[in-house]
Amino acid sequence: MEEIFKLTSASPYSELLEYFNNPRNIMKYIPMFNDIINIDENTFLVKIGWIFNIDLKVFKISNKNRITYIVEHKSFPSIVGKLDHILEPKQGQQNLTEINIIFYYSGPFEIIVKLQARKLYNSIQKQFSVNNYSNLKLEEKEFNEEKTQMKTILSGTIDIQNIDTVISKAILESKENEIELIISKGDTSIKLIFIDGTLVKQIGSLSDLKGRSKFLLRKKE
């Protein structure tokens with residue numbers, strides 16, 4: 001999956017470089033971001049509790065006008081990501097800077113990751129764009145915790161390493177209805193709730209489940 005975003009900023013070039021050189025400004029948009037730990041000047045450990053509790057290793061490469069973050073998680077779930085920020089003075093308008101953001105991702109839950117990449121872009125655009133406007137603005141919906149009648153739309157068993165297929169279906173179904181996905185094995189279970197393609201609530205972690213597990217996909221009526 002690759003996403004490319006472009007914007008023009010009137011902010012000082014030095015301010016833009018400082019912002020994109022701070023990994024916390026970028027990594028906080030990873031779903032369920034918990035913390036970031038410096039290993040050295042250009043290597044970081046990003047802790048997330050996003051469906052799985054995992055630690056992502058992040059490497060920063062900073063050149064004159066290009067800041068790149070490379071993200072990897074070698075064990076399950078295998079994740080490889082790259083986020084490029086390229087800054088160039090706008091031709092004929094030296095007081096403006098053109099920013100190209102190129103995001104590459106290979107791993108599970110691409111739909112969720114794509115939505116989060118757009119949230120990152122929206123935030124950057126709101127903060128730095130000369131237009132201060134986003135055509136990709138995502139609707140924010142409040143989660144209502146009151147009990148409602150849920151209708152089962154799919155159930156069965158699945159190997160936990162293939163659970164992203166069920167999660168992808170939950171995301172697609174949530175475009176029309178609030179969706180609840182329950183995954184369990186023995187006494188251990190997790191619950192994921194999706195609204196309009198976005199994970200809005202999570203109870204438990206898939207890291208606690210191994211092997212083949214039961215799942216139940218339900219929608220609010």
# chains A, B, ... in the order shown; residues from 1 in each chain; ligands from 1
>>> closest_atom_pairs(of="segment 44-149 of chain A", to="segment 171-174 of chain A", cutoff="12 Å", atoms="only C-alpha atoms", output="Markdown table")
| residue | atom | partner | partner_atom | distance |
| --- | --- | --- | --- | --- |
| A:Phe109 | CA | A:Ile171 | CA | 9.3 |
| A:Glu110 | CA | A:Ile171 | CA | 10.5 |
| A:Ile111 | CA | A:Ile171 | CA | 7.5 |
| A:Ile112 | CA | A:Ile171 | CA | 7.9 |
| A:Val113 | CA | A:Ile171 | CA | 11.6 |
| A:Lys114 | CA | A:Ile171 | CA | 11.9 |
| A:Leu115 | CA | A:Ile171 | CA | 10.8 |
>>> closest_atom_pairs(of="segment 54-166 of chain A", to="segment 18-30 of chain A", cutoff="7 Å", atoms="only C-alpha atoms", output="CSV")
residue,atom,partner,partner_atom,distance
A:Ile67,CA,A:Asn21,CA,6.6
A:Gln116,CA,A:Tyr29,CA,6.4
A:Leu120,CA,A:Tyr29,CA,6.0
>>> write_last_selection(atoms="C-alpha atoms", output="short mmCIF file (atom, residue, chain, number, x, y, z; two decimals), in the first residue's frame")
data_model
loop_
_atom_site.label_atom_id
_atom_site.label_comp_id
_atom_site.auth_asym_id
_atom_site.auth_seq_id
_atom_site.Cartn_x
_atom_site.Cartn_y
_atom_site.Cartn_z
CA ILE A 67 13.28 13.08 6.57
CA GLN A 116 -4.50 6.67 10.16
CA LEU A 120 -1.66 12.24 10.01
#
>>> atom_distance(atom1="atom CA of Ser11 of chain A", atom2="atom CA of Thr97 of chain A")
7.7 Å
>>> closest_residue(among="A:Ser184, A:Gln149, A:Ser155, A:Thr68", to="Ile203 of chain A", atoms="only C-alpha atoms")
A:Ser184
>>> closest_residue(among="A:Ile61, A:Ile86, A:Ile99, A:Ile160", to="Lys185 of chain A", atoms="only C-alpha atoms")
A:Ile160
>>> select_by_dssp(residues="segment 36-124 of chain A", states="helix (DSSP H, G or I)", output="list of chain:residue names")
A:Glu110, A:Ile111, A:Ile112, A:Val113, A:Lys114, A:Leu115, A:Gln116, A:Ala117, A:Arg118, A:Lys119, A:Leu120, A:Tyr121, A:Asn122, A:Ser123, A:Ile124
>>> write_last_selection(atoms="C-alpha atoms", output="compact mmCIF listing (two decimals), in the first residue's frame")
# COMPACT_ATOMS: atom_id res chain seq x y z
CA GLU A 110 -4.11 -2.04 5.71
CA ILE A 111 -7.51 -0.33 5.79
CA ILE A 112 -6.97 0.89 9.37
CA VAL A 113 -3.41 1.97 8.57
CA LYS A 114 -4.62 3.88 5.49
CA LEU A 115 -7.17 5.78 7.59
CA GLN A 116 -4.50 6.67 10.16
CA ALA A 117 -2.15 7.87 7.40
CA ARG A 118 -4.88 10.25 6.27
CA LYS A 119 -5.38 11.45 9.85
CA LEU A 120 -1.66 12.24 10.01
CA TYR A 121 -1.90 14.15 6.74
CA ASN A 122 -5.00 16.03 7.91
CA SER A 123 -3.24 17.10 11.10
CA ILE A 124 -0.16 18.28 9.20
